[in-house]
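The file target.csv contains CSV, C-alpha atoms:
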chain,number,residue,atom,x,y,z
A,1494,MET,CA,16.5,-9.2,-12.7
A,1495,THR,CA,13.7,-6.7,-12.3
A,1496,ARG,CA,12.5,-7.5,-8.7
A,1497,VAL,CA,15.8,-6.9,-6.9
A,1498,ARG,CA,14.4,-6.6,-3.4
A,1499,TYR,CA,12.6,-9.9,-3.3
A,1500,GLY,CA,13.7,-12.7,-0.9
A,1501,TYR,CA,14.0,-16.3,-2.0
A,1502,ARG,CA,10.5,-17.3,-0.8
A,1503,ARG,CA,8.8,-14.8,-3.0
A,1504,VAL,CA,11.2,-15.6,-5.9
A,1505,HIS,CA,10.2,-19.3,-5.4
A,1506,VAL,CA,6.5,-18.5,-5.8
A,1507,LEU,CA,7.2,-16.6,-9.0
A,1508,LEU,CA,9.3,-19.4,-10.4
A,1509,GLN,CA,6.6,-21.9,-9.6
A,1510,ARG,CA,4.2,-19.8,-11.7
A,1511,GLU,CA,6.7,-20.2,-14.6
A,1512,GLY,CA,6.8,-24.0,-14.3
A,1513,TRP,CA,9.8,-24.4,-12.0
A,1514,THR,CA,9.7,-27.9,-10.4
A,1515,GLY,CA,12.5,-27.6,-7.9
A,1516,ASN,CA,11.6,-27.3,-4.2
A,1517,ILE,CA,12.2,-24.2,-2.1
A,1518,LYS,CA,15.5,-25.5,-0.7
A,1519,ARG,CA,16.9,-25.7,-4.3
A,1520,THR,CA,15.6,-22.2,-4.9
A,1521,TYR,CA,17.4,-21.0,-1.8
A,1522,ARG,CA,20.7,-22.6,-2.9
A,1523,VAL,CA,20.5,-20.9,-6.3
A,1524,TYR,CA,19.6,-17.6,-4.7
A,1525,ARG,CA,22.5,-17.9,-2.2
A,1526,ASP,CA,25.0,-19.0,-4.9
A,1527,LEU,CA,24.1,-16.0,-7.0
A,1528,GLY,CA,24.7,-13.7,-4.1
A,1529,LEU,CA,21.2,-12.3,-4.1
A,1530,GLN,CA,20.8,-12.2,-0.3
A,1531,LEU,CA,19.9,-8.8,1.0
A,1532,ARG,CA,21.5,-7.3,4.1
A,1533,ASN,CA,18.9,-5.6,6.3
A,1534,LYS,CA,20.0,-3.0,8.8
A,1535,THR,CA,19.3,-4.0,12.4
A,1536,PRO,CA,17.7,-1.3,14.4
A,1537,LYS,CA,19.9,0.0,17.2
A,1538,ARG,CA,17.0,-0.5,19.6
A,1539,ARG,CA,13.8,-2.4,19.5
A,1540,VAL,CA,10.6,-0.8,20.8
A,1541,LYS,CA,7.5,-2.9,21.6
A,1542,ALA,CA,4.5,-1.0,20.3
A,1543,LYS,CA,0.9,-1.6,21.3
A,1544,LEU,CA,-2.0,-0.6,19.3
A,1545,ARG,CA,-5.2,0.7,20.9
A,1546,ASP,CA,-7.2,-2.0,22.6
A,1547,ASP,CA,-10.5,-1.2,20.9
A,1548,ARG,CA,-9.2,-1.9,17.4
A,1549,GLN,CA,-10.2,-5.2,15.7
A,1550,GLU,CA,-8.5,-6.8,12.8
A,1551,ALA,CA,-10.4,-6.6,9.5
A,1552,VAL,CA,-12.0,-9.8,8.4
A,1553,SER,CA,-13.2,-8.8,4.9
A,1554,PRO,CA,-12.3,-6.4,2.1
A,1555,ASN,CA,-13.4,-2.8,2.5
A,1556,GLU,CA,-13.8,-3.1,6.2
A,1557,VAL,CA,-10.6,-1.1,7.0
A,1558,TRP,CA,-8.5,1.0,4.7
A,1559,ALA,CA,-5.3,2.8,5.7
A,1560,MET,CA,-4.2,6.1,4.1
A,1561,ASP,CA,-1.0,8.2,4.1
A,1562,PHE,CA,1.4,10.3,2.1
A,1563,VAL,CA,4.8,9.4,0.7
A,1564,HIS,CA,7.3,12.1,-0.4
A,1565,ASP,CA,9.6,11.8,-3.5
A,1566,GLN,CA,10.9,14.0,-6.2
A,1567,LEU,CA,11.3,14.3,-10.0
A,1568,ALA,CA,14.6,14.2,-11.9
A,1569,THR,CA,14.5,18.0,-11.9
A,1570,GLY,CA,14.5,18.0,-8.1
A,1571,LYS,CA,10.9,19.2,-7.8
A,1572,LYS,CA,9.2,17.4,-4.9
A,1573,ILE,CA,6.0,15.4,-5.2
A,1574,ARG,CA,3.6,13.8,-2.7
A,1575,VAL,CA,2.0,10.4,-3.3
A,1576,LEU,CA,-1.3,9.5,-1.7
A,1577,THR,CA,-1.2,5.9,-0.7
A,1578,ILE,CA,-4.2,3.8,0.2
A,1579,VAL,CA,-4.3,0.1,1.1
A,1580,ASP,CA,-7.0,-2.3,2.2
A,1581,THR,CA,-5.7,-3.9,5.4
A,1582,PHE,CA,-7.5,-7.3,4.8
A,1583,SER,CA,-6.8,-8.0,1.2
A,1584,ARG,CA,-3.7,-5.7,0.8
A,1585,TYR,CA,-5.4,-4.3,-2.3
A,1586,VAL,CA,-4.1,-0.8,-3.2
A,1587,PRO,CA,-6.9,1.2,-4.8
A,1588,ALA,CA,-4.9,4.3,-5.5
A,1589,LEU,CA,-1.3,5.6,-5.8
A,1590,GLU,CA,-1.8,9.2,-6.9
A,1591,PRO,CA,1.1,11.7,-7.2
A,1592,ARG,CA,0.7,15.5,-7.0
A,1593,PHE,CA,3.0,18.4,-6.4
A,1594,SER,CA,0.8,19.4,-3.5
A,1595,TYR,CA,-2.2,18.0,-1.8
A,1596,ARG,CA,-5.3,19.7,-0.2
A,1597,ALA,CA,-8.1,18.1,1.6
A,1598,GLU,CA,-10.4,18.4,-1.4
A,1599,ASP,CA,-7.8,16.5,-3.5
A,1600,VAL,CA,-8.0,13.6,-1.1
A,1601,VAL,CA,-11.8,13.6,-1.3
A,1602,ARG,CA,-11.7,13.7,-5.1
A,1603,THR,CA,-9.5,10.7,-5.2
A,1604,LEU,CA,-11.7,8.8,-2.8
A,1605,GLU,CA,-14.8,9.6,-4.9
A,1606,GLN,CA,-13.0,8.3,-8.0
A,1607,ILE,CA,-12.2,4.9,-6.5
A,1608,CYS,CA,-15.0,4.1,-4.1
A,1609,PRO,CA,-17.8,3.9,-6.7
A,1610,VAL,CA,-15.6,1.3,-8.5
A,1611,ILE,CA,-14.5,-1.0,-5.6
A,1612,GLY,CA,-16.8,0.0,-2.8
A,1613,TYR,CA,-16.7,2.3,0.2
A,1614,PRO,CA,-14.7,1.3,3.3
A,1615,ARG,CA,-16.3,1.2,6.7
A,1616,THR,CA,-13.2,2.7,8.4
A,1617,ILE,CA,-10.1,4.6,7.1
A,1618,ARG,CA,-7.1,4.8,9.4
A,1619,VAL,CA,-5.2,8.1,9.0
A,1620,ASP,CA,-2.7,10.2,10.9
A,1621,GLN,CA,-3.5,13.7,12.1
A,1622,GLY,CA,-2.1,15.5,9.0
A,1623,THR,CA,-3.9,18.7,8.0
A,1624,GLU,CA,-5.4,17.0,4.9
A,1625,PHE,CA,-7.0,14.3,7.1
A,1626,VAL,CA,-8.4,16.4,9.9
A,1627,SER,CA,-10.0,18.9,7.5
A,1628,ARG,CA,-13.7,19.7,7.3
A,1629,ASP,CA,-13.8,18.5,3.7
A,1630,LEU,CA,-12.8,14.9,4.6
A,1631,ASP,CA,-14.9,15.0,7.7
A,1632,LEU,CA,-18.0,16.0,5.7
A,1633,TRP,CA,-17.3,13.4,3.1
A,1634,ALA,CA,-16.9,10.7,5.7
A,1635,TYR,CA,-20.1,11.7,7.5
A,1636,THR,CA,-22.0,11.8,4.3
A,1637,ARG,CA,-20.7,8.4,3.1
A,1638,GLY,CA,-21.0,6.7,6.5
A,1639,VAL,CA,-17.2,6.1,6.8
A,1640,THR,CA,-15.4,6.3,10.1
A,1641,LEU,CA,-12.1,8.1,10.3
A,1642,ASP,CA,-9.8,6.4,12.8
A,1643,PHE,CA,-7.0,8.8,13.7
A,1644,SER,CA,-3.6,7.7,15.0
A,1645,ARG,CA,-2.4,9.2,18.2
A,1646,PRO,CA,0.2,12.0,17.7
A,1647,GLY,CA,3.7,10.6,17.4
A,1648,LYS,CA,2.4,7.0,17.2
A,1649,PRO,CA,3.0,5.7,13.6
A,1650,THR,CA,2.5,2.2,14.8
A,1651,ASP,CA,-1.2,3.0,15.2
A,1652,ASN,CA,-1.3,2.8,11.4
A,1653,ALA,CA,1.2,0.0,11.0
A,1654,TYR,CA,-0.3,-1.4,7.8
A,1655,ILE,CA,0.3,1.7,5.8
A,1656,GLU,CA,3.7,2.2,7.3
A,1657,ALA,CA,4.7,-1.3,6.1
A,1658,PHE,CA,3.2,-0.7,2.7
A,1659,ASN,CA,5.0,2.6,2.3
A,1660,GLY,CA,8.3,0.9,3.0
A,1661,ARG,CA,7.7,-1.7,0.3
A,1662,PHE,CA,6.5,0.9,-2.1
A,1663,ARG,CA,9.6,3.0,-1.6
A,1664,VAL,CA,12.0,0.0,-1.9
A,1665,GLU,CA,10.3,-1.8,-4.8
A,1666,CYS,CA,9.0,1.2,-6.8
A,1667,LEU,CA,10.2,4.7,-5.9
A,1668,ASN,CA,13.8,3.7,-5.5
A,1669,GLN,CA,13.8,1.7,-8.8
A,1670,HIS,CA,12.5,4.5,-11.0
A,1671,TRP,CA,13.5,7.9,-12.3
A,1672,PHE,CA,10.6,10.2,-12.8
A,1673,LEU,CA,11.0,12.9,-15.5
A,1674,THR,CA,7.6,14.6,-15.2
A,1675,LEU,CA,4.5,14.3,-13.0
A,1676,ALA,CA,2.7,12.5,-15.8
A,1677,ASP,CA,5.7,10.1,-16.1
A,1678,ALA,CA,5.5,9.4,-12.3
A,1679,ALA,CA,1.7,8.8,-12.5
A,1680,GLU,CA,2.2,6.3,-15.4
A,1681,LYS,CA,5.0,4.3,-13.6
A,1682,LEU,CA,3.2,4.3,-10.3
A,1683,GLU,CA,0.0,3.0,-12.0
A,1684,ASP,CA,2.0,0.2,-13.7
A,1685,TRP,CA,3.5,-0.8,-10.3
A,1686,ARG,CA,0.1,-0.6,-8.6
A,1687,ARG,CA,-1.4,-3.0,-11.1
A,1688,TYR,CA,1.5,-5.4,-10.7
A,1689,TYR,CA,1.3,-5.2,-6.9
A,1690,ASN,CA,-2.5,-5.9,-7.0
A,1691,GLU,CA,-2.6,-8.5,-9.8
A,1692,GLU,CA,0.8,-10.4,-10.0
A,1693,ARG,CA,2.9,-9.9,-6.9
A,1694,PRO,CA,2.6,-12.8,-4.4
A,1695,HIS,CA,1.8,-11.6,-0.8
A,1696,GLY,CA,3.0,-13.9,2.0
A,1697,ALA,CA,0.4,-12.4,4.5
A,1698,ILE,CA,-2.5,-13.6,2.3
A,1699,GLY,CA,-1.1,-17.0,1.5
A,1700,ASN,CA,0.9,-15.9,-1.6
A,1701,LYS,CA,-2.3,-14.9,-3.3
A,1702,VAL,CA,-2.8,-11.6,-5.2
A,1703,PRO,CA,-4.9,-8.9,-3.6
A,1704,ILE,CA,-7.3,-8.6,-6.6
A,1705,SER,CA,-8.5,-12.1,-6.0
A,1706,PHE,CA,-10.3,-10.8,-2.9
A,1707,ILE,CA,-12.1,-8.0,-4.7
A,1708,ASN,CA,-15.6,-8.4,-6.0
A,1709,ARG,CA,-15.4,-7.8,-9.7
A,1710,ASP,CA,-19.2,-7.8,-10.1
A,1711,GLY,CA,-19.5,-4.2,-9.0
A,1712,ALA,CA,-18.9,-1.9,-6.1
A,1713,THR,CA,-21.0,-1.6,-3.0
A,1714,GLY,CA,-22.6,1.7,-1.9
A,1715,PRO,CA,-21.6,3.6,1.2
A,1716,PRO,CA,-21.7,1.6,4.4
A,1717,SER,CA,-25.1,1.6,6.1
Encoding of this model in structure tokens:
Amino acid sequence: MTRVRYGYRRVHVLLQREGWTGNIKRTYRVYRDLGLQLRNKTPKRRVKAKLRDDRQEAVSPNEVWAMDFVHDQLATGKKIRVLTIVDTFSRYVPALEPRFSYRAEDVVRTLEQICPVIGYPRTIRVDQGTEFVSRDLDLWAYTRGVTLDFSRPGKPTDNAYIEAFNGRFRVECLNQHWFLTLADAAEKLEDWRRYYNEERPHGAIGNKVPISFINRDGATGPPS
């Protein structure tokens, strides 16, 4: 089994695609009998987080993106950083780019590679890391008509979409692979990104795939 972190509901969706005719109760019985249930650690305490009142939920693709970094390492022990970007409406991931180190101009370069293909976002939610508060990204955003929405210091829940995605990314991809080189990491991350966008069912969007929300006829220009 290659998707070892999937629950029975997502497994059921995949089985239906393969022609499985049983209902979800039968899928659950098989899932349980095979001992595939996952034990999730319960937090010692629960904190009720509240996002800023002036934020609105995205109602279309490219309205709000979220961006962050995830840390990992190669088989040699050398550390890498992965730039993660997700569209909060469609859950589409336009980029997963690993590097040994990141500067602000590297972030801008990645954005300029993907935006002409799928369109420019109106807003990007980021934390206050040095790469995101830089003049390079600020100038790019001003030139392209993109708003940078910064999280409050020490409030990761202000960017909850990317935090949730990064958790899935680590469990379903990073923890499942052994990266020999940076090029090997880039290839495996791109394979997983395509699977995530084009095949993996997403419960939050009705078990559809993110790419179904993307306009394939061409990208839009910078927001007006």
Find the spatial neighbours of segment 1591-1605 of chain A, counting all atoms listed in the file, within a cut-off of 12 Å - ignore same-chain residues fewer than 6 positions away - and output them as an mmCIF file with C-alpha atoms, keeping the file's coordinate frame.
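Written out: out31.cif:
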data_model
loop_
_atom_site.group_PDB
_atom_site.id
_atom_site.type_symbol
_atom_site.label_atom_id
_atom_site.label_comp_id
_atom_site.auth_asym_id
_atom_site.auth_seq_id
_atom_site.Cartn_x
_atom_site.Cartn_y
_atom_site.Cartn_z
ATOM 1 C CA TRP A 1558 -8.500 1.000 4.700
ATOM 2 C CA MET A 1560 -4.200 6.100 4.100
ATOM 3 C CA ASP A 1561 -1.000 8.200 4.100
ATOM 4 C CA PHE A 1562 1.400 10.300 2.100
ATOM 5 C CA VAL A 1563 4.800 9.400 0.700
ATOM 6 C CA HIS A 1564 7.300 12.100 -0.400
ATOM 7 C CA ASP A 1565 9.600 11.800 -3.500
ATOM 8 C CA GLN A 1566 10.900 14.000 -6.200
ATOM 9 C CA LEU A 1567 11.300 14.300 -10.000
ATOM 10 C CA GLY A 1570 14.500 18.000 -8.100
ATOM 11 C CA LYS A 1571 10.900 19.200 -7.800
ATOM 12 C CA LYS A 1572 9.200 17.400 -4.900
ATOM 13 C CA ILE A 1573 6.000 15.400 -5.200
ATOM 14 C CA ARG A 1574 3.600 13.800 -2.700
ATOM 15 C CA VAL A 1575 2.000 10.400 -3.300
ATOM 16 C CA LEU A 1576 -1.300 9.500 -1.700
ATOM 17 C CA THR A 1577 -1.200 5.900 -0.700
ATOM 18 C CA ILE A 1578 -4.200 3.800 0.200
ATOM 19 C CA ILE A 1611 -14.500 -1.000 -5.600
ATOM 20 C CA GLY A 1612 -16.800 0.000 -2.800
ATOM 21 C CA TYR A 1613 -16.700 2.300 0.200
ATOM 22 C CA PRO A 1614 -14.700 1.300 3.300
ATOM 23 C CA ILE A 1617 -10.100 4.600 7.100
ATOM 24 C CA VAL A 1619 -5.200 8.100 9.000
ATOM 25 C CA GLY A 1622 -2.100 15.500 9.000
ATOM 26 C CA THR A 1623 -3.900 18.700 8.000
ATOM 27 C CA GLU A 1624 -5.400 17.000 4.900
ATOM 28 C CA PHE A 1625 -7.000 14.300 7.100
ATOM 29 C CA VAL A 1626 -8.400 16.400 9.900
ATOM 30 C CA SER A 1627 -10.000 18.900 7.500
ATOM 31 C CA ARG A 1628 -13.700 19.700 7.300
ATOM 32 C CA ASP A 1629 -13.800 18.500 3.700
ATOM 33 C CA LEU A 1630 -12.800 14.900 4.600
ATOM 34 C CA ASP A 1631 -14.900 15.000 7.700
ATOM 35 C CA LEU A 1632 -18.000 16.000 5.700
ATOM 36 C CA TRP A 1633 -17.300 13.400 3.100
ATOM 37 C CA ALA A 1634 -16.900 10.700 5.700
ATOM 38 C CA THR A 1636 -22.000 11.800 4.300
ATOM 39 C CA ARG A 1637 -20.700 8.400 3.100
ATOM 40 C CA VAL A 1639 -17.200 6.100 6.800
ATOM 41 C CA LEU A 1667 10.200 4.700 -5.900
ATOM 42 C CA PHE A 1672 10.600 10.200 -12.800
ATOM 43 C CA THR A 1674 7.600 14.600 -15.200
ATOM 44 C CA LEU A 1675 4.500 14.300 -13.000
ATOM 45 C CA ALA A 1676 2.700 12.500 -15.800
ATOM 46 C CA ASP A 1677 5.700 10.100 -16.100
ATOM 47 C CA ALA A 1678 5.500 9.400 -12.300
ATOM 48 C CA ALA A 1679 1.700 8.800 -12.500
ATOM 49 C CA GLU A 1680 2.200 6.300 -15.400
ATOM 50 C CA LYS A 1681 5.000 4.300 -13.600
ATOM 51 C CA LEU A 1682 3.200 4.300 -10.300
ATOM 52 C CA GLU A 1683 0.000 3.000 -12.000
ATOM 53 C CA GLY A 1714 -22.600 1.700 -1.900
ATOM 54 C CA PRO A 1715 -21.600 3.600 1.200
#
Pick from A:Asn1668, A:Asn1700, A:Gln1549, A:Asn1555: nearest to Val1586 of chain A, with all atoms listed in the file counted? A:Asn1555
Report, in Å to a single decimal, how far apart atom CA of Lys1648 of chain A and atom CA of Pro1694 of chain A are. 29.3 Å
What is the distance between atom CA of Val1610 of chain A and atom CA of Gly1660 of chain A, in Å to one decimal?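 Separation between atom CA of Val1610 of chain A and atom CA of Gly1660 of chain A: 26.5 Å.
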In terms of the shortest atom-to-atom distance over all atoms listed in the file, which of A:Glu1550, A:Ala1568, A:Asn1516, A:Tyr1689 is closest to Leu1673 of chain A?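 Nearest to Leu1673 of chain A: A:Ala1568.
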Expressed in Å to a single decimal, how great is the separation between atom CA of Glu1691 of chain A and atom CA of Tyr1585 of chain A?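 Here the two named atoms are 9.0 Å from each other.
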Pick out the residues sitting within 8 Å of Asp1620 of chain A, and hand them over as a list in words; count all atoms listed in the file, and ignore anything fewer than 4 positions along from it in its own chain.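 Neighbouring residues, sequence-local ones excluded: Asp1561, Phe1625, Phe1643, Ser1644, Arg1645, Pro1646, Pro1649 and Asn1652 of chain A.
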Using all atoms listed in the file: which of A:Ser1705, A:Gln1621, A:Thr1616, A:Thr1581 has the shortest distance to Ala1653 of chain A: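 Nearest to Ala1653 of chain A: A:Thr1581.
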Complete the atom set of segment 1600-1633 of chain A to N, CA and C atoms and return it as a PDB file, in the frame of the given file.
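New file part.pdb:
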ATOM      1  N   VAL A1600      -7.841  14.904  -1.699  1.00  0.00           N
ATOM      2  CA  VAL A1600      -8.000  13.600  -1.100  1.00  0.00           C
ATOM      3  C   VAL A1600      -9.441  13.092  -1.314  1.00  0.00           C
ATOM      4  N   VAL A1601     -10.406  13.967  -1.070  1.00  0.00           N
ATOM      5  CA  VAL A1601     -11.800  13.600  -1.300  1.00  0.00           C
ATOM      6  C   VAL A1601     -12.072  13.257  -2.727  1.00  0.00           C
ATOM      7  N   ARG A1602     -11.491  14.015  -3.651  1.00  0.00           N
ATOM      8  CA  ARG A1602     -11.700  13.700  -5.100  1.00  0.00           C
ATOM      9  C   ARG A1602     -11.167  12.348  -5.447  1.00  0.00           C
ATOM     10  N   THR A1603     -10.015  11.997  -4.908  1.00  0.00           N
ATOM     11  CA  THR A1603      -9.500  10.700  -5.200  1.00  0.00           C
ATOM     12  C   THR A1603     -10.362   9.577  -4.621  1.00  0.00           C
ATOM     13  N   LEU A1604     -10.841   9.753  -3.407  1.00  0.00           N
ATOM     14  CA  LEU A1604     -11.700   8.800  -2.800  1.00  0.00           C
ATOM     15  C   LEU A1604     -13.017   8.600  -3.607  1.00  0.00           C
ATOM     16  N   GLU A1605     -13.529   9.698  -4.114  1.00  0.00           N
ATOM     17  CA  GLU A1605     -14.800   9.600  -4.900  1.00  0.00           C
ATOM     18  C   GLU A1605     -14.550   9.018  -6.279  1.00  0.00           C
ATOM     19  N   GLN A1606     -13.313   8.969  -6.710  1.00  0.00           N
ATOM     20  CA  GLN A1606     -13.000   8.300  -8.000  1.00  0.00           C
ATOM     21  C   GLN A1606     -12.928   6.793  -7.808  1.00  0.00           C
ATOM     22  N   ILE A1607     -12.397   6.333  -6.674  1.00  0.00           N
ATOM     23  CA  ILE A1607     -12.200   4.900  -6.500  1.00  0.00           C
ATOM     24  C   ILE A1607     -13.290   4.164  -5.798  1.00  0.00           C
ATOM     25  N   CYS A1608     -13.976   4.824  -4.872  1.00  0.00           N
ATOM     26  CA  CYS A1608     -15.000   4.100  -4.100  1.00  0.00           C
ATOM     27  C   CYS A1608     -16.182   3.637  -4.937  1.00  0.00           C
ATOM     28  N   PRO A1609     -16.682   4.406  -5.912  1.00  0.00           N
ATOM     29  CA  PRO A1609     -17.800   3.900  -6.700  1.00  0.00           C
ATOM     30  C   PRO A1609     -17.355   2.635  -7.541  1.00  0.00           C
ATOM     31  N   VAL A1610     -16.050   2.425  -7.700  1.00  0.00           N
ATOM     32  CA  VAL A1610     -15.600   1.300  -8.500  1.00  0.00           C
ATOM     33  C   VAL A1610     -15.401   0.042  -7.638  1.00  0.00           C
ATOM     34  N   ILE A1611     -14.801   0.165  -6.442  1.00  0.00           N
ATOM     35  CA  ILE A1611     -14.500  -1.000  -5.600  1.00  0.00           C
ATOM     36  C   ILE A1611     -15.285  -1.054  -4.318  1.00  0.00           C
ATOM     37  N   GLY A1612     -16.026  -0.005  -4.011  1.00  0.00           N
ATOM     38  CA  GLY A1612     -16.800   0.000  -2.800  1.00  0.00           C
ATOM     39  C   GLY A1612     -16.249   1.007  -1.767  1.00  0.00           C
ATOM     40  N   TYR A1613     -17.102   1.386  -0.821  1.00  0.00           N
ATOM     41  CA  TYR A1613     -16.700   2.300   0.200  1.00  0.00           C
ATOM     42  C   TYR A1613     -16.237   1.556   1.458  1.00  0.00           C
ATOM     43  N   PRO A1614     -15.171   2.007   2.096  1.00  0.00           N
ATOM     44  CA  PRO A1614     -14.700   1.300   3.300  1.00  0.00           C
ATOM     45  C   PRO A1614     -15.574   1.716   4.502  1.00  0.00           C
ATOM     46  N   ARG A1615     -15.593   0.867   5.510  1.00  0.00           N
ATOM     47  CA  ARG A1615     -16.300   1.200   6.700  1.00  0.00           C
ATOM     48  C   ARG A1615     -15.435   2.168   7.601  1.00  0.00           C
ATOM     49  N   THR A1616     -14.120   1.941   7.549  1.00  0.00           N
ATOM     50  CA  THR A1616     -13.200   2.700   8.400  1.00  0.00           C
ATOM     51  C   THR A1616     -11.961   3.049   7.548  1.00  0.00           C
ATOM     52  N   ILE A1617     -11.420   4.250   7.719  1.00  0.00           N
ATOM     53  CA  ILE A1617     -10.100   4.600   7.100  1.00  0.00           C
ATOM     54  C   ILE A1617      -9.208   5.069   8.260  1.00  0.00           C
ATOM     55  N   ARG A1618      -8.058   4.423   8.373  1.00  0.00           N
ATOM     56  CA  ARG A1618      -7.100   4.800   9.400  1.00  0.00           C
ATOM     57  C   ARG A1618      -6.136   5.864   8.783  1.00  0.00           C
ATOM     58  N   VAL A1619      -6.003   6.971   9.469  1.00  0.00           N
ATOM     59  CA  VAL A1619      -5.200   8.100   9.000  1.00  0.00           C
ATOM     60  C   VAL A1619      -4.429   8.688  10.182  1.00  0.00           C
ATOM     61  N   ASP A1620      -3.386   9.461   9.863  1.00  0.00           N
ATOM     62  CA  ASP A1620      -2.700  10.200  10.900  1.00  0.00           C
ATOM     63  C   ASP A1620      -3.430  11.566  11.063  1.00  0.00           C
ATOM     64  N   GLN A1621      -2.840  12.468  11.819  1.00  0.00           N
ATOM     65  CA  GLN A1621      -3.500  13.700  12.100  1.00  0.00           C
ATOM     66  C   GLN A1621      -2.926  14.874  11.235  1.00  0.00           C
ATOM     67  N   GLY A1622      -2.554  14.534   9.998  1.00  0.00           N
ATOM     68  CA  GLY A1622      -2.100  15.500   9.000  1.00  0.00           C
ATOM     69  C   GLY A1622      -3.252  16.481   8.679  1.00  0.00           C
ATOM     70  N   THR A1623      -2.898  17.671   8.226  1.00  0.00           N
ATOM     71  CA  THR A1623      -3.900  18.700   8.000  1.00  0.00           C
ATOM     72  C   THR A1623      -4.926  18.264   6.912  1.00  0.00           C
ATOM     73  N   GLU A1624      -4.504  17.445   5.930  1.00  0.00           N
ATOM     74  CA  GLU A1624      -5.400  17.000   4.900  1.00  0.00           C
ATOM     75  C   GLU A1624      -6.483  16.045   5.436  1.00  0.00           C
ATOM     76  N   PHE A1625      -6.128  15.332   6.519  1.00  0.00           N
ATOM     77  CA  PHE A1625      -7.000  14.300   7.100  1.00  0.00           C
ATOM     78  C   PHE A1625      -7.934  14.819   8.182  1.00  0.00           C
ATOM     79  N   VAL A1626      -7.542  15.874   8.858  1.00  0.00           N
ATOM     80  CA  VAL A1626      -8.400  16.400   9.900  1.00  0.00           C
ATOM     81  C   VAL A1626      -9.251  17.567   9.419  1.00  0.00           C
ATOM     82  N   SER A1627      -9.283  17.748   8.129  1.00  0.00           N
ATOM     83  CA  SER A1627     -10.000  18.900   7.500  1.00  0.00           C
ATOM     84  C   SER A1627     -11.505  18.673   7.556  1.00  0.00           C
ATOM     85  N   ARG A1628     -12.224  19.773   7.382  1.00  0.00           N
ATOM     86  CA  ARG A1628     -13.700  19.700   7.300  1.00  0.00           C
ATOM     87  C   ARG A1628     -14.143  19.000   6.052  1.00  0.00           C
ATOM     88  N   ASP A1629     -13.365  19.145   4.964  1.00  0.00           N
ATOM     89  CA  ASP A1629     -13.800  18.500   3.700  1.00  0.00           C
ATOM     90  C   ASP A1629     -13.826  16.984   3.855  1.00  0.00           C
ATOM     91  N   LEU A1630     -12.777  16.390   4.416  1.00  0.00           N
ATOM     92  CA  LEU A1630     -12.800  14.900   4.600  1.00  0.00           C
ATOM     93  C   LEU A1630     -13.771  14.508   5.633  1.00  0.00           C
ATOM     94  N   ASP A1631     -13.924  15.308   6.689  1.00  0.00           N
ATOM     95  CA  ASP A1631     -14.900  15.000   7.700  1.00  0.00           C
ATOM     96  C   ASP A1631     -16.302  14.959   7.171  1.00  0.00           C
ATOM     97  N   LEU A1632     -16.633  15.942   6.344  1.00  0.00           N
ATOM     98  CA  LEU A1632     -18.000  16.000   5.700  1.00  0.00           C
ATOM     99  C   LEU A1632     -18.176  14.829   4.791  1.00  0.00           C
ATOM    100  N   TRP A1633     -17.149  14.503   3.994  1.00  0.00           N
ATOM    101  CA  TRP A1633     -17.300  13.400   3.100  1.00  0.00           C
ATOM    102  C   TRP A1633     -17.503  12.089   3.848  1.00  0.00           C
TER     103      TRP A1633
END
